[in-house]
file input-v3.pdb (PDB, C-alpha atoms)
ATOM      1  CA  MET A   1      76.228  12.143  79.203
ATOM      2  CA  LEU A   2      78.762  14.758  78.090
ATOM      3  CA  HIS A   3      79.601  15.439  81.723
ATOM      4  CA  ILE A   4      80.308  11.735  82.313
ATOM      5  CA  LEU A   5      82.521  11.563  79.220
ATOM      6  CA  ALA A   6      84.380  14.686  80.312
ATOM      7  CA  LEU A   7      84.955  13.242  83.791
ATOM      8  CA  PHE A   8      86.110   9.925  82.320
ATOM      9  CA  SER A   9      88.539  11.757  80.034
ATOM     10  CA  PHE A  10      89.859  13.740  83.001
ATOM     11  CA  LEU A  11      90.428  10.548  85.018
ATOM     12  CA  LEU A  12      92.260   8.958  82.119
ATOM     13  CA  VAL A  13      94.536  11.976  81.765
ATOM     14  CA  SER A  14      95.141  12.129  85.529
ATOM     15  CA  SER A  15      95.929   8.409  85.656
ATOM     16  CA  SER A  16      98.278   8.783  82.713
ATOM     17  CA  HIS A  17     100.133  11.612  84.450
ATOM     18  CA  ALA A  18     100.417   9.535  87.646
ATOM     19  CA  ALA A  19     101.804   6.587  85.700
ATOM     20  CA  ILE A  20     104.364   8.776  83.932
ATOM     21  CA  GLN A  21     105.726  10.103  87.240
ATOM     22  CA  ASP A  22     108.094   7.419  88.544
ATOM     23  CA  PHE A  23     108.411   8.850  92.056
ATOM     24  CA  CYS A  24     107.853  11.971  94.118
ATOM     25  CA  VAL A  25     110.571  12.587  96.679
ATOM     26  CA  ALA A  26     108.844  14.681  99.347
ATOM     27  CA  ASP A  27     109.819  18.264  99.901
ATOM     28  CA  LEU A  28     109.547  18.238 103.697
ATOM     29  CA  THR A  29     109.914  22.007 103.845
ATOM     30  CA  ALA A  30     106.514  22.355 102.165
ATOM     31  CA  PRO A  31     103.145  21.766 103.884
ATOM     32  CA  GLN A  32     101.698  18.271 103.813
ATOM     33  CA  GLY A  33      98.339  18.001 102.063
ATOM     34  CA  PRO A  34      95.719  15.225 101.895
ATOM     35  CA  GLU A  35      97.626  13.574  99.039
ATOM     36  CA  GLY A  36     101.026  13.892 100.703
ATOM     37  CA  TYR A  37     103.878  16.312 100.154
ATOM     38  CA  THR A  38     104.816  18.204  97.033
ATOM     39  CA  CYS A  39     107.780  16.807  95.102
ATOM     40  CA  LYS A  40     111.366  17.905  94.939
ATOM     41  CA  THR A  41     112.373  19.006  91.495
ATOM     42  CA  PRO A  42     114.179  16.294  89.466
ATOM     43  CA  ALA A  43     117.369  18.367  89.645
ATOM     44  CA  GLU A  44     117.294  18.122  93.459
ATOM     45  CA  VAL A  45     116.941  14.315  93.583
ATOM     46  CA  THR A  46     120.073  12.191  94.128
ATOM     47  CA  ALA A  47     120.811   8.499  94.688
ATOM     48  CA  ASP A  48     120.957   9.210  98.431
ATOM     49  CA  ASP A  49     117.224   9.943  98.392
ATOM     50  CA  PHE A  50     116.545   6.257  97.649
ATOM     51  CA  VAL A  51     118.580   4.916 100.599
ATOM     52  CA  TYR A  52     117.842   5.031 104.338
ATOM     53  CA  SER A  53     120.344   3.658 106.857
ATOM     54  CA  GLY A  54     118.463   4.469 110.039
ATOM     55  CA  LEU A  55     117.396   0.879 110.760
ATOM     56  CA  ARG A  56     120.871  -0.666 110.903
ATOM     57  CA  GLN A  57     121.356  -0.521 114.654
ATOM     58  CA  PRO A  58     119.161  -2.184 117.308
ATOM     59  CA  GLY A  59     117.122   0.103 119.508
ATOM     60  CA  ASN A  60     117.529   0.527 123.255
ATOM     61  CA  THR A  61     114.888  -1.779 124.732
ATOM     62  CA  SER A  62     115.707  -0.764 128.318
ATOM     63  CA  SER A  63     114.537   2.814 127.730
ATOM     64  CA  SER A  64     110.866   1.772 127.537
ATOM     65  CA  ILE A  65     108.553   0.439 130.240
ATOM     66  CA  PHE A  66     107.538  -2.198 127.690
ATOM     67  CA  ASN A  67     111.162  -3.332 127.141
ATOM     68  CA  ALA A  68     110.852  -2.755 123.413
ATOM     69  CA  SER A  69     112.082  -0.261 120.847
ATOM     70  CA  ILE A  70     110.518   0.841 117.555
ATOM     71  CA  ASN A  71     112.392   2.697 114.841
ATOM     72  CA  SER A  72     110.333   3.613 111.793
ATOM     73  CA  ALA A  73     111.184   4.703 108.272
ATOM     74  CA  SER A  74     108.046   6.595 107.312
ATOM     75  CA  VAL A  75     107.806   9.394 104.774
ATOM     76  CA  HIS A  76     108.829  11.918 107.441
ATOM     77  CA  LYS A  77     112.244  10.244 107.721
ATOM     78  CA  PHE A  78     112.497   8.685 104.257
ATOM     79  CA  PRO A  79     110.946  11.225 101.863
ATOM     80  CA  VAL A  80     111.162   9.051  98.754
ATOM     81  CA  LEU A  81     108.245   7.008 100.158
ATOM     82  CA  ASN A  82     105.941   9.941  99.420
ATOM     83  CA  GLY A  83     103.095   8.639  97.265
ATOM     84  CA  LEU A  84     104.479   5.096  96.997
ATOM     85  CA  GLY A  85     102.053   3.576  99.514
ATOM     86  CA  VAL A  86     104.643   1.795 101.677
ATOM     87  CA  SER A  87     106.871   2.278 104.731
ATOM     88  CA  VAL A  88     108.956   0.068 107.017
ATOM     89  CA  ALA A  89     110.084  -0.161 110.634
ATOM     90  CA  ARG A  90     112.338  -2.146 112.927
ATOM     91  CA  ALA A  91     111.223  -3.473 116.320
ATOM     92  CA  ASP A  92     113.641  -4.821 118.932
ATOM     93  CA  VAL A  93     111.925  -6.590 121.833
ATOM     94  CA  ALA A  94     113.722  -7.887 124.928
ATOM     95  CA  PRO A  95     112.699 -11.235 126.475
ATOM     96  CA  GLY A  96     109.321 -10.694 128.092
ATOM     97  CA  GLY A  97     108.977  -7.329 126.349
ATOM     98  CA  VAL A  98     105.811  -6.284 124.573
ATOM     99  CA  LEU A  99     104.410  -4.081 121.863
ATOM    100  CA  PRO A 100     101.145  -3.244 123.660
ATOM    101  CA  LEU A 101      97.697  -3.104 122.113
ATOM    102  CA  HIS A 102      97.758  -0.498 119.365
ATOM    103  CA  THR A 103      96.368   0.269 115.953
ATOM    104  CA  HIS A 104      97.506   1.875 112.708
ATOM    105  CA  PRO A 105      94.536   3.806 111.298
ATOM    106  CA  GLY A 106      96.289   4.506 108.001
ATOM    107  CA  GLY A 107      97.624   1.142 106.859
ATOM    108  CA  THR A 108      97.855  -2.639 107.051
ATOM    109  CA  GLU A 109     100.945  -4.058 108.797
ATOM    110  CA  ILE A 110     102.990  -7.145 107.984
ATOM    111  CA  ILE A 111     105.685  -8.381 110.359
ATOM    112  CA  LEU A 112     108.612 -10.650 109.513
ATOM    113  CA  VAL A 113     110.413 -12.263 112.451
ATOM    114  CA  GLY A 114     114.113 -11.778 111.799
ATOM    115  CA  ARG A 115     115.289 -13.325 115.052
ATOM    116  CA  GLY A 116     113.678 -14.996 118.047
ATOM    117  CA  ALA A 117     110.061 -15.972 118.639
ATOM    118  CA  VAL A 118     107.076 -13.814 119.545
ATOM    119  CA  THR A 119     103.440 -14.384 120.404
ATOM    120  CA  ALA A 120     101.347 -11.942 118.406
ATOM    121  CA  GLY A 121      97.642 -11.371 118.098
ATOM    122  CA  LEU A 122      94.887  -9.191 116.712
ATOM    123  CA  ILE A 123      91.288  -8.441 117.622
ATOM    124  CA  SER A 124      88.742  -8.199 114.821
ATOM    125  CA  SER A 125      85.876  -5.709 114.734
ATOM    126  CA  ASP A 126      83.509  -8.471 115.941
ATOM    127  CA  ASN A 127      85.803  -8.974 118.983
ATOM    128  CA  THR A 128      87.289 -12.275 117.802
ATOM    129  CA  VAL A 129      90.876 -12.784 118.987
ATOM    130  CA  TYR A 130      93.518 -14.407 116.767
ATOM    131  CA  VAL A 131      96.785 -15.321 118.536
ATOM    132  CA  LYS A 132      99.781 -17.195 117.145
ATOM    133  CA  THR A 133     103.401 -17.758 118.133
ATOM    134  CA  VAL A 134     105.590 -16.902 115.166
ATOM    135  CA  GLU A 135     109.270 -17.744 114.818
ATOM    136  CA  GLU A 136     112.245 -16.667 112.741
ATOM    137  CA  GLY A 137     111.268 -16.438 109.086
ATOM    138  CA  ASP A 138     107.511 -16.363 109.777
ATOM    139  CA  ILE A 139     105.288 -13.483 108.729
ATOM    140  CA  MET A 140     101.986 -12.292 110.154
ATOM    141  CA  VAL A 141      99.551  -9.636 108.955
ATOM    142  CA  PHE A 142      97.503  -7.117 110.956
ATOM    143  CA  PRO A 143      94.725  -5.591 108.833
ATOM    144  CA  GLN A 144      94.375  -1.815 108.808
ATOM    145  CA  GLY A 145      92.785  -0.282 111.873
ATOM    146  CA  LEU A 146      92.559  -3.456 113.983
ATOM    147  CA  LEU A 147      93.982  -3.624 117.501
ATOM    148  CA  HIS A 148      97.015  -5.902 117.724
ATOM    149  CA  PHE A 149      99.924  -6.717 120.039
ATOM    150  CA  LEU A 150     103.156  -8.670 120.305
ATOM    151  CA  VAL A 151     104.955 -10.347 123.232
ATOM    152  CA  ASN A 152     108.478 -11.740 123.152
ATOM    153  CA  SER A 153     107.806 -15.299 124.269
ATOM    154  CA  GLY A 154     111.331 -16.552 123.592
ATOM    155  CA  GLY A 155     114.461 -16.443 125.675
ATOM    156  CA  THR A 156     116.429 -14.062 123.461
ATOM    157  CA  GLU A 157     115.913 -10.565 122.124
ATOM    158  CA  ALA A 158     113.578 -10.592 119.136
ATOM    159  CA  LEU A 159     114.111  -8.646 115.935
ATOM    160  CA  ILE A 160     110.978  -7.830 113.960
ATOM    161  CA  TRP A 161     110.929  -6.242 110.513
ATOM    162  CA  VAL A 162     107.716  -4.377 109.804
ATOM    163  CA  SER A 163     106.162  -3.155 106.569
ATOM    164  CA  PHE A 164     103.087  -0.973 106.095
ATOM    165  CA  SER A 165     100.755  -0.342 103.182
ATOM    166  CA  SER A 166     101.097   3.406 103.711
ATOM    167  CA  PRO A 167     103.978   5.890 103.783
ATOM    168  CA  SER A 168     102.434   7.283 106.986
ATOM    169  CA  PRO A 169     100.342   4.577 108.713
ATOM    170  CA  GLY A 170      99.810   6.441 111.983
ATOM    171  CA  LEU A 171      99.866   4.929 115.458
ATOM    172  CA  GLN A 172      97.532   4.924 118.445
ATOM    173  CA  VAL A 173      98.556   2.970 121.555
ATOM    174  CA  LEU A 174      95.560   1.982 123.678
ATOM    175  CA  ASN A 175      97.273   2.560 127.043
ATOM    176  CA  THR A 176      98.428   6.028 126.037
ATOM    177  CA  ALA A 177      95.068   6.905 124.498
ATOM    178  CA  LEU A 178      93.345   6.122 127.801
ATOM    179  CA  PHE A 179      95.881   7.186 130.413
ATOM    180  CA  GLY A 180      98.342   9.502 128.673
ATOM    181  CA  ASN A 181      96.158  12.584 128.323
ATOM    182  CA  ASN A 182      93.966  14.917 130.398
ATOM    183  CA  LEU A 183      90.720  12.925 130.196
ATOM    184  CA  ASP A 184      88.894  13.522 133.468
ATOM    185  CA  SER A 185      89.539  10.717 135.956
ATOM    186  CA  ASP A 186      85.871  10.452 136.951
ATOM    187  CA  LEU A 187      84.898   9.853 133.325
ATOM    188  CA  LEU A 188      87.777   7.442 132.852
ATOM    189  CA  GLU A 189      86.686   5.407 135.879
ATOM    190  CA  LYS A 190      83.174   5.161 134.432
ATOM    191  CA  ILE A 191      84.202   4.103 130.911
ATOM    192  CA  THR A 192      86.864   1.605 132.077
ATOM    193  CA  LEU A 193      85.166   0.341 135.290
ATOM    194  CA  LEU A 194      88.468   0.894 137.091
ATOM    195  CA  GLY A 195      88.775   2.358 140.574
ATOM    196  CA  ASP A 196      90.323   5.757 141.239
ATOM    197  CA  ASP A 197      93.548   4.315 142.693
ATOM    198  CA  GLU A 198      94.189   2.242 139.557
ATOM    199  CA  VAL A 199      93.341   5.113 137.206
ATOM    200  CA  GLN A 200      95.731   7.419 139.059
ATOM    201  CA  ARG A 201      98.438   4.736 139.027
ATOM    202  CA  LEU A 202      98.116   4.264 135.272
ATOM    203  CA  LYS A 203      98.024   7.997 134.642
ATOM    204  CA  GLY A 204     101.238   8.268 136.603
ATOM    205  CA  ILE A 205     102.868   5.627 134.402
ATOM    206  CA  PHE A 206     101.711   7.046 131.072
ATOM    207  CA  GLY A 207     101.941  10.734 131.863
ATOM    208  CA  GLY A 208      98.277  11.602 132.096
ATOM    209  CA  SER A 209      96.617  14.296 134.199
ATOM    210  CA  GLY A 210      93.116  15.322 135.305
TER
END
call {"tool": "encode", "arguments": {"input": "input-v3.pdb", "output": "structure tokens"}}
result
Amino acid sequence: MLHILALFSFLLVSSSHAAIQDFCVADLTAPQGPEGYTCKTPAEVTADDFVYSGLRQPGNTSSSIFNASINSASVHKFPVLNGLGVSVARADVAPGGVLPLHTHPGGTEIILVGRGAVTAGLISSDNTVYVKTVEEGDIMVFPQGLLHFLVNSGGTEALIWVSFSSPSPGLQVLNTALFGNNLDSDLLEKITLLGDDEVQRLKGIFGGSG
């Protein structure tokens, strides 16, 4: 019983300390631990730490085979997000462009369509597919860890504002995970049921080997 009371007291003190600390601007020169980065000292923090201007300009959609560009403001670029549980990104998608099937293992995603119209979808863990065309001003949510995608189904370039429930949500793109590494082609043919010619073609596109 005394051990339980001691633990409860410790949790109360820890929670109190967390509540007292308004923010923790990451010291990116220090190692990142399981709970994030260590904090800058208050004397090192300025108003500039709370502002990020890296999402002002549209990305170059022609530089990607998917005709889309993603620019993120995660804790690695915007250190004030350290410990706050949020991050944001900007996606520019040309007509017909796509954000291919991918997942964010570390956070839930919400998109807000700033311009244009896109067809977006997600696949639940029981393999149910949910697809919807969303237009300017609409929002859509992709729960943490679920595969999802987006296709520009309109006639103009789409602008998508993205928010995450994590300062570092992570990203795994299905195409790259399968064909952008050195996984042996024989194994890849077995697990995908694709022929050797198609596996080699996709490895050539996504930079894989083996």
call {"tool": "closest_residue", "arguments": {"input": "input-v3.pdb", "among": "A:Ser64, A:Ser168, A:Thr156, A:Gln21", "to": "Pro34 (chain A)", "atoms": "only C-alpha atoms"}}
result
A:Ser168
call {"tool": "closest_residue", "arguments": {"input": "input-v3.pdb", "among": "A:Glu157, A:Leu84, A:Leu178, A:Pro143", "to": "Ser69 (chain A)", "atoms": "only C-alpha atoms"}}
result
A:Glu157
call {"tool": "closest_residue", "arguments": {"input": "input-v3.pdb", "among": "A:Lys132, A:Arg90, A:Lys190, A:His76", "to": "Pro169 (chain A)", "atoms": "all atoms listed in the file"}}
result
A:His76
call {"tool": "resolve_selection", "arguments": {"input": "input-v3.pdb", "expression": "the PyMOL selection byres ((chain A and resi 119) around 7)", "output": "NGL selection string"}}
result
:A and (118 or 120-121 or 131-134 or 150-153)
call {"tool": "resolve_selection", "arguments": {"input": "input-v3.pdb", "expression": "the PyMOL selection byres ((chain A and resi 115) around 6)", "output": "PyMOL selection string"}}
result
chain A and resi 113-114+116+136+158-159
call {"tool": "resolve_selection", "arguments": {"input": "input-v3.pdb", "expression": "the PyMOL selection byres ((chain A and resi 49) around 8)", "output": "list in words"}}
result
Val25, Val45, Thr46, Ala47, Asp48, Phe50, Val51, Tyr52, Phe78, Pro79 and Val80 of chain A
